[in-house]
Amino acid sequence: MDHKSSRRDFLKQGSLAGVGTVFSMGVGSSVFAIGTNNTVPAIIGGRPAWNEMKWVKWPIWNPETDEKRIIEVLRSGIWSRAGVVTEFEAEWSKALGVKRSLAVVNGTNALIVALSQLNIGPGDEVIVPPYTFIATIQAVLVNGAMPVFVDIDPATFQIDPAKIEAKITPRTKAILPVHILGLPADMDGIMAIAKKHHLVVLEDACQAPLAEVNHKKVGTIGDAGCFSFQNSKNIAIGEGGAIVSDNDAFIDRCFSYQNLGFPHGSMVGSVSNSSMIQATKVRFTEYQAAIGLAQLQRLEAQTTTRNENAAYLKKRISSIPGIIPYKLYDNVTRAAFHLFAFRYKRENFKDLPREKFLKALQAEGVPCASGYVVLNTQPFLDNAFQSRAFRKVYPSKMLDFKNYQEKNKCPENEALCSDAVWLPQNVLLAGKSDMDAIALAIEKIYKNAEAINKAT
Ligand SMILES: Cc1ncc(COP(=O)(O)O)c(C=O)c1O
């Protein structure tokens, strides 16, 4: 797979390239051949680690248990935001142990709305990690604020708190940690810095529902958190997102903002029938909420399975030279594992390029991809900097893209983008024996790296 592919391309291209058959078959464990004689990699003529590709199909939908509610919604004719959305929000708050949730159309708009109502806008700087989905950064730009990249910790792949303070300036207003891959960022370190410098913390927990730091759910540790329910996510609705917070006034403001500025709760007090704030409209719908309620039933058990399988797989592959799986911070009590990631060191694999490793692993029946590309040099940033809105607010030196790239260099992230390997979360819903088969597949590639390199 082309290493320039985005996460979504990986899912999409997966289905085009044959890997996708693993996404399109029914629930069940694989029938794999882990026998001692299965030593030749499939890509050079051997038997795949699986002789039948059968991963858990994503998203999961059980007609018997899931369809009643959605059909009720469809037949009711009440499709715009109403009681089912409110019920979903209450359930989501309960699952996270947070006071309030507000569902919106997607995670990107959850971030946009939350940033705007945290009063982050033109002239402000927001500290962000470079290893994230582009939506995190676009949400900052849409609000007219300036993303400031802080490099990652190469072992955990998360923003490195030790590098944050050097990037704080008088313009810095917020830190936007991302719990990327569903692995928690170091929230103890981040919150301490935010407190010291009086910064707002908005958590991008789009990939990390039910992940925890010190037994507290991520997304509920900072001032606010955002989630995504996009199709590939651990709770899949197709599209969808939520903002969560313990701050009633903030959620009321967000509610009003996502609903054309109409009054809500403490927002605009006694005034009714008037829009009081400049706003947008990104409301969630009843049928999306009905799908969400069904998916939510399974999330807790799935999260446990993903954690168990990830820990097992990590142990199985850690001893293979050149395979370095993710590390969790000591304060992490649970991860979400939107992706299972490891670093691939080609020097341990007879210099077999990552692209060839991925193809060989796919041939074994294991869906995989190379993950994110470097974000902080991409043209969308320069495009924002050249906009009239940015030029009116920021000094020209700050908008000089060459200067910006220089100041925002993140070498650890560049290295990670060049050697990461991802397995999608549905792989972690299979059985232990399937994890053994993944390990076998990687071992076969390791032992035959030279032959694969020559033949492919
Ligand atoms: C880290 C991160 N932030 C934000 C988003 C945006 O969410 P959505 O796709 O629901 O707009 C996503 C998911 O796509 C994501 O992975």
# chains A, B, ... in the order shown; residues from 1 in each chain; ligands from 1
>>> select_by_dssp(residues="stretch 336-438 of chain A", states="helix (DSSP H, G or I)", output="count of residues only")
59
>>> residues_near_ligand(ligand="ligand 1", cutoff="9 Å", atoms="only C-alpha atoms and all ligand atoms", output="ChimeraX atom specification")
/A:7-8,105-111,131-137,139,178-182,204-208,226-233,238-242,338
>>> closest_residue(among="A:Ala192, A:Lys68, A:Pro147, A:Ala455", to="A:Asp382", atoms="only C-alpha atoms")
A:Pro147
>>> residues_around(residues="A:Ile323", least_positions_apart="3", cutoff="6 Å", atoms="only C-alpha atoms", output="mmCIF file with C-alpha atoms, in the first residue's frame")
data_model
loop_
_atom_site.group_PDB
_atom_site.id
_atom_site.type_symbol
_atom_site.label_atom_id
_atom_site.label_comp_id
_atom_site.auth_asym_id
_atom_site.auth_seq_id
_atom_site.Cartn_x
_atom_site.Cartn_y
_atom_site.Cartn_z
ATOM 1 C CA ILE A 320 11.009 -10.363 17.054
ATOM 2 C CA ARG A 343 7.558 0.403 14.691
ATOM 3 C CA TYR A 344 9.176 -1.599 11.927
#
>>> residues_around(residues="A:Asn143", least_positions_apart="2", cutoff="9 Å", atoms="only C-alpha atoms", output="tab-separated table (two decimals) with C-alpha atoms, in the first residue's frame")
chain	number	residue	atom	x	y	z
A	112	ILE	CA	-14.55	23.14	15.94
A	113	VAL	CA	-17.51	23.89	18.22
A	115	LEU	CA	-12.61	25.31	20.45
A	116	SER	CA	-14.88	28.21	19.53
A	120	ILE	CA	-10.04	30.14	21.12
A	121	GLY	CA	-9.76	32.18	17.98
A	122	PRO	CA	-7.78	34.62	15.84
A	138	GLN	CA	-8.14	21.86	10.58
A	139	ALA	CA	-10.36	22.54	13.61
A	140	VAL	CA	-7.74	24.92	14.99
A	141	LEU	CA	-7.36	26.70	11.63
A	145	ALA	CA	-6.02	30.05	15.57
A	146	MET	CA	-2.43	28.98	14.93
>>> decode(residues="stretch 242-288 of chain A", atoms="C-alpha atoms", output="JSON list (two decimals), in the first residue's frame")
[["chain", "number", "residue", "atom", "x", "y", "z"],
["A", 242, "ALA", "CA", -19.63, 14.45, 20.78],
["A", 243, "ILE", "CA", -18.29, 17.12, 23.09],
["A", 244, "VAL", "CA", -18.13, 16.21, 26.78],
["A", 245, "SER", "CA", -17.49, 18.31, 29.86],
["A", 246, "ASP", "CA", -18.41, 18.76, 33.52],
["A", 247, "ASN", "CA", -18.94, 22.46, 32.82],
["A", 248, "ASP", "CA", -22.69, 23.10, 32.32],
["A", 249, "ALA", "CA", -22.30, 26.65, 31.07],
["A", 250, "PHE", "CA", -19.76, 25.55, 28.46],
["A", 251, "ILE", "CA", -21.96, 22.72, 27.14],
["A", 252, "ASP", "CA", -24.94, 25.09, 27.04],
["A", 253, "ARG", "CA", -22.89, 27.50, 24.94],
["A", 254, "CYS", "CA", -21.81, 24.65, 22.65],
["A", 255, "PHE", "CA", -25.44, 23.56, 22.34],
["A", 256, "SER", "CA", -26.52, 27.01, 21.35],
["A", 257, "TYR", "CA", -23.61, 27.37, 18.91],
["A", 258, "GLN", "CA", -24.39, 24.08, 17.12],
["A", 259, "ASN", "CA", -28.05, 25.12, 16.82],
["A", 260, "LEU", "CA", -27.88, 28.51, 15.12],
["A", 261, "GLY", "CA", -27.48, 30.37, 18.41],
["A", 262, "PHE", "CA", -30.90, 29.52, 19.78],
["A", 263, "PRO", "CA", -31.22, 29.62, 23.56],
["A", 264, "HIS", "CA", -30.34, 26.55, 25.58],
["A", 265, "GLY", "CA", -30.13, 26.06, 29.33],
["A", 266, "SER", "CA", -28.12, 28.78, 30.99],
["A", 267, "MET", "CA", -27.32, 30.20, 27.58],
["A", 268, "VAL", "CA", -29.00, 33.57, 26.94],
["A", 269, "GLY", "CA", -31.10, 33.31, 30.12],
["A", 270, "SER", "CA", -34.71, 34.23, 29.71],
["A", 271, "VAL", "CA", -34.54, 35.33, 26.09],
["A", 272, "SER", "CA", -36.48, 33.00, 23.83],
["A", 273, "ASN", "CA", -37.24, 32.85, 20.14],
["A", 274, "SER", "CA", -34.10, 34.81, 19.34],
["A", 275, "SER", "CA", -30.65, 33.78, 18.35],
["A", 276, "MET", "CA", -28.24, 35.44, 20.71],
["A", 277, "ILE", "CA", -24.88, 34.38, 19.28],
["A", 278, "GLN", "CA", -23.30, 34.05, 15.88],
["A", 279, "ALA", "CA", -23.40, 30.31, 15.31],
["A", 280, "THR", "CA", -23.56, 27.32, 13.01],
["A", 281, "LYS", "CA", -25.81, 24.28, 12.62],
["A", 282, "VAL", "CA", -24.27, 20.84, 13.01],
["A", 283, "ARG", "CA", -27.01, 18.91, 14.78],
["A", 284, "PHE", "CA", -27.07, 15.17, 15.29],
["A", 285, "THR", "CA", -30.11, 13.21, 14.08],
["A", 286, "GLU", "CA", -32.44, 10.73, 15.74],
["A", 287, "TYR", "CA", -31.53, 7.78, 13.53],
["A", 288, "GLN", "CA", -27.82, 8.36, 14.14]]
